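Novice: Here you go, my_file_33.cif (mmCIF, C-alpha atoms):
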```cif
data_my_file
#
loop_
_atom_site.label_atom_id
_atom_site.label_comp_id
_atom_site.auth_asym_id
_atom_site.auth_seq_id
_atom_site.Cartn_x
_atom_site.Cartn_y
_atom_site.Cartn_z
CA GLU W 26 59.58 16.29 0.93
CA GLU W 27 58.65 18.70 -1.81
CA PRO W 28 55.47 20.79 -1.33
CA MET W 29 53.83 19.09 -4.35
CA ASP W 30 54.50 15.66 -2.81
CA LEU W 31 52.74 16.77 0.38
CA ILE W 32 49.75 18.02 -1.62
CA ILE W 33 49.55 14.71 -3.50
CA LYS W 34 49.75 12.74 -0.22
CA ALA W 35 47.02 14.89 1.36
CA ALA W 36 44.79 14.35 -1.70
CA GLY W 37 45.44 10.61 -1.48
CA MET W 38 44.42 10.50 2.19
CA MET W 39 41.25 12.43 1.38
CA VAL W 40 40.38 10.01 -1.41
CA GLU W 41 41.02 6.98 0.80
CA SER W 42 38.77 8.25 3.58
CA GLU W 43 36.09 8.93 0.98
CA PHE W 44 36.09 5.30 -0.21
CA ILE W 45 37.15 3.26 2.83
CA GLN W 46 34.32 3.31 5.35
CA LYS W 47 33.19 -0.26 6.01
CA ASP W 48 35.05 -3.36 7.18
CA ASN W 49 34.83 -4.95 3.75
CA ASP W 50 35.92 -1.88 1.75
CA ILE W 51 39.24 -2.21 -0.04
CA LEU W 52 40.87 0.39 -2.26
CA ILE W 53 43.36 -0.94 -4.77
CA ARG W 54 45.53 1.74 -6.32
CA LEU W 55 47.33 0.99 -9.56
CA PHE W 56 48.37 4.56 -10.38
CA GLY W 57 51.98 5.10 -9.37
CA GLY W 58 52.44 1.56 -8.08
CA LEU W 59 50.31 -1.00 -6.28
CA GLN W 60 48.78 -0.03 -2.95
CA ILE W 61 46.02 -1.88 -1.11
CA THR W 62 44.12 0.02 1.59
CA THR W 63 41.59 -1.38 4.06
CA PRO W 64 40.20 0.13 7.26
CA LYS W 65 42.96 -1.72 9.14
CA GLY W 66 45.97 -0.61 7.11
CA VAL W 67 47.91 -0.34 3.88
CA ILE W 68 50.10 -2.74 1.92
CA THR W 69 52.32 -1.25 -0.77
CA GLU W 70 54.14 -2.77 -3.69
CA ALA W 71 57.36 -2.39 -1.70
CA ASP W 72 55.83 -4.36 1.20
CA LEU W 73 55.00 -7.23 -1.15
CA ASN W 74 58.54 -7.25 -2.53
CA SER W 75 57.45 -9.55 -5.37
CA LEU W 76 56.52 -8.71 -8.97
CA LYS W 77 54.64 -12.01 -9.12
CA LEU W 78 52.36 -10.89 -6.26
CA VAL W 79 51.90 -7.48 -7.91
CA ARG W 80 50.99 -9.15 -11.22
CA LEU W 81 48.55 -11.51 -9.47
CA ILE W 82 46.71 -8.73 -7.63
CA ALA W 83 46.64 -6.43 -10.65
CA TYR W 84 45.42 -9.18 -12.97
CA LEU W 85 42.59 -10.22 -10.66
CA ALA W 86 41.65 -6.61 -9.85
CA LEU W 87 41.46 -5.64 -13.52
CA ASN W 88 39.29 -8.69 -14.27
CA GLY W 89 36.73 -7.69 -11.66
CA LYS W 90 34.42 -10.23 -10.06
CA TYR W 91 34.70 -12.73 -12.88
CA PRO W 92 36.82 -15.82 -12.19
CA SER W 93 40.03 -15.92 -14.19
CA PRO W 94 41.15 -19.29 -15.54
CA ILE W 95 44.32 -20.60 -13.91
CA ARG W 96 46.17 -20.80 -17.23
CA ASP W 97 45.44 -17.09 -17.95
CA ILE W 98 46.64 -16.07 -14.48
CA VAL W 99 49.79 -18.18 -14.85
CA ASN W 100 50.56 -16.59 -18.23
CA ALA W 101 50.22 -13.10 -16.70
CA VAL W 102 52.17 -13.85 -13.51
CA TRP W 103 54.95 -15.87 -15.18
CA PRO W 104 55.13 -14.34 -18.70
CA GLU W 105 58.42 -16.07 -19.53
CA GLY W 106 57.87 -19.28 -17.59
CA ASP W 107 56.78 -22.85 -18.01
CA ALA W 108 52.99 -22.71 -17.56
CA ASP W 109 52.76 -26.28 -16.25
CA LEU W 110 55.44 -25.82 -13.62
CA ASP W 111 54.23 -22.34 -12.69
CA GLY W 112 50.64 -23.56 -12.34
CA LYS W 113 51.82 -25.66 -9.41
CA ASN W 114 53.34 -22.56 -7.85
CA LEU W 115 50.17 -20.46 -8.21
CA LYS W 116 48.55 -22.04 -5.15
CA TYR W 117 51.59 -21.14 -3.06
CA LEU W 118 51.54 -17.57 -4.42
CA VAL W 119 47.85 -17.22 -3.52
CA TYR W 120 48.61 -18.61 -0.04
CA ARG W 121 51.45 -16.08 0.42
CA LEU W 122 49.21 -13.24 -0.64
CA GLN W 123 46.45 -14.36 1.75
CA ARG W 124 48.92 -14.33 4.65
CA ILE W 125 50.13 -10.83 3.81
CA PHE W 126 46.60 -9.51 3.28
CA SER W 127 45.51 -10.96 6.65
CA LEU W 128 47.68 -8.29 8.29
CA ILE W 129 45.22 -5.59 7.16
CA SER W 130 41.91 -7.47 6.85
CA ASP W 131 39.90 -10.22 8.45
CA HIS W 132 38.59 -11.17 5.00
CA ARG W 133 40.28 -13.32 2.37
CA LEU W 134 41.45 -11.35 -0.66
CA ILE W 135 41.24 -14.17 -3.21
CA GLU W 136 38.74 -16.96 -3.57
CA SER W 137 38.99 -20.12 -5.59
CA THR W 138 36.11 -21.10 -7.87
CA GLY W 139 35.53 -24.02 -10.20
CA ASN W 140 36.64 -21.73 -13.03
CA GLY W 141 39.80 -20.28 -11.45
CA TYR W 142 40.50 -17.46 -9.04
CA ARG W 143 38.94 -14.05 -8.42
CA LEU W 144 38.93 -11.35 -5.80
CA ASN W 145 36.62 -12.17 -2.90
CA THR W 146 33.10 -11.14 -3.92
CA GLU W 147 32.28 -10.29 -0.28
CA LEU W 148 34.76 -7.42 -0.49
CA ASN W 149 33.75 -4.04 -1.85
CA VAL W 150 36.76 -3.63 -4.14
CA ILE W 151 37.32 -0.08 -5.31
CA LEU W 152 39.88 0.29 -8.09
CA ASP W 153 41.39 3.74 -8.62
CA VAL W 154 41.68 3.35 -12.39
CA ARG W 155 37.98 2.46 -12.69
CA ILE W 156 36.97 5.52 -10.65
CA PHE W 157 39.30 7.67 -12.76
CA GLU W 158 37.68 6.31 -15.94
CA GLU W 159 34.20 7.06 -14.56
CA TYR W 160 35.09 10.64 -13.61
CA TRP W 161 36.60 11.12 -17.07
CA ARG W 162 33.52 9.64 -18.78
CA GLN W 163 31.19 11.86 -16.77
CA ALA W 164 33.31 14.94 -17.55
CA GLN W 165 33.06 14.18 -21.27
CA ILE W 166 29.26 14.08 -21.28
CA THR W 167 28.51 17.01 -19.00
CA SER W 168 27.85 20.41 -20.55
CA ASP W 169 28.25 22.39 -17.30
CA PRO W 170 31.80 23.81 -17.21
CA TYR W 171 31.86 23.94 -13.38
CA ALA W 172 30.72 20.32 -13.05
CA LYS W 173 33.25 19.28 -15.70
CA GLY W 174 36.01 21.03 -13.75
CA CYS W 175 34.98 19.31 -10.49
CA LEU W 176 34.95 15.89 -12.15
CA LEU W 177 38.36 16.43 -13.73
CA LYS W 178 39.76 17.67 -10.41
CA LYS W 179 38.51 14.48 -8.70
CA ALA W 180 40.10 12.40 -11.46
CA MET W 181 43.43 14.17 -10.98
CA GLU W 182 43.31 13.56 -7.21
CA LEU W 183 43.40 9.85 -8.04
CA TYR W 184 46.20 10.08 -10.59
CA LYS W 185 49.66 9.35 -9.19
CA HIS W 186 51.81 8.80 -12.29
CA GLY W 187 51.35 5.87 -14.69
CA VAL W 188 49.59 2.59 -14.00
CA LEU W 189 51.94 0.09 -12.32
CA PRO W 190 55.28 1.47 -13.51
CA SER W 191 56.99 -1.77 -12.39
CA LEU W 192 54.92 -3.68 -14.97
CA ALA W 193 55.22 -1.15 -17.80
CA GLY W 194 55.15 -2.83 -21.18
CA GLU W 195 53.42 -6.03 -20.12
CA GLN W 196 50.79 -6.67 -22.78
CA TRP W 197 47.98 -8.08 -20.60
CA ILE W 198 47.77 -4.84 -18.61
CA MET W 199 47.21 -2.58 -21.62
CA PRO W 200 43.45 -3.11 -22.22
#
```
Turn the structure described in the file into structure tokens.
Specialist:
Amino acid sequence: EEPMDLIIKAAGMMVESEFIQKDNDILIRLFGGLQITTPKGVITEADLNSLKLVRLIAYLALNGKYPSPIRDIVNAVWPEGDADLDGKNLKYLVYRLQRIFSLISDHRLIESTGNGYRLNTELNVILDVRIFEEYWRQAQITSDPYAKGCLLKKAMELYKHGVLPSLAGEQWIMP
């Protein structure tokens, strides 16, 4: 490995230990590809081996604790598909994801509500892009050059290339 790769990995481990402390903590990284970290382990985009699963997790993570209507999820997960047929497959996709997630957590990742699906509200979901945005926002409003530098350094420790390169160009991810 290149020295810069080792530095980036070390920064990533530091960031994970900073955020993952309790049983219900979960860090979802979108920079550089999907990665889900819990106190019990890590699942990467490569482990999932499914763009549909990546889309599902990313869509729900970016929508926060609010339930997403099934039709909206289906349109994001199957952008070229038949929404009626794919709606029937969504339950199976959620089931598959739950089984994979159970390898690194005793909690369910997704919960069903009367209004659709969302990430489990009992989990403390930490999203790298949201933290990055907060560090950036704080750096913009601080007048102390040292504090600004510290905030920008923390933001860069989170950054690992673009957001979900495997989904580049998909319109729902842009906002």
Novice: Show me as a count of residues only the residues that reach within 12 Å of (40.5, -24.0, -9.1), counting only C-alpha atoms and using the file's own coordinates.
Specialist: 20
Novice: Write out as a compact mmCIF listing (two decimals) with C-alpha atoms, keeping the file's coordinate frame which residues come within 7 Å of stretch 66-78 of chain W when counting all atoms listed in the file, dropping same-chain ones fewer than 3 positions away.
Specialist:
```txt
# COMPACT_ATOMS: atom_id res chain seq x y z
CA GLY W 58 52.44 1.56 -8.08
CA LEU W 59 50.31 -1.00 -6.28
CA GLN W 60 48.78 -0.03 -2.95
CA ILE W 61 46.02 -1.88 -1.11
CA THR W 62 44.12 0.02 1.59
CA THR W 63 41.59 -1.38 4.06
CA LEU W 81 48.55 -11.51 -9.47
CA ILE W 82 46.71 -8.73 -7.63
CA VAL W 102 52.17 -13.85 -13.51
CA LEU W 118 51.54 -17.57 -4.42
CA LEU W 122 49.21 -13.24 -0.64
CA ILE W 129 45.22 -5.59 7.16
```
Novice: Hey, what comes out of the PyMOL selection byres ((chain W and resi 160) around 10) on this file? Could you write it as a ChimeraX atom specification?
Specialist: /W:154-159,161-165,173,175-181
Novice: Quick check on the file I pasted: which residues fall under the PyMOL selection byres ((chain W and resi 51) around 10)? Write them as an MDAnalysis selection string.
Specialist: chainID W and resid 41 44:50 52:54 61:67 129:130 134 148:152
Novice: Between atom CA of W:Lys90 and atom CA of W:Asn145, what is the spacing in Å?
Specialist: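 Computing the Euclidean distance for atom CA of W:Asn145 and atom CA of W:Lys90 yields 7.7 Å.
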Novice: By how many Å are atom CA of W:His186 and atom CA of W:Arg124 apart?
Specialist: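 Computing the Euclidean distance for atom CA of W:His186 and atom CA of W:Arg124 yields 28.8 Å.
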Novice: What does the distance from atom CA of W:Ser168 to atom CA of W:Leu55 come to in Å, to one decimal?
Specialist: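 Going from atom CA of W:Ser168 over to atom CA of W:Leu55, I get 29.6 Å.
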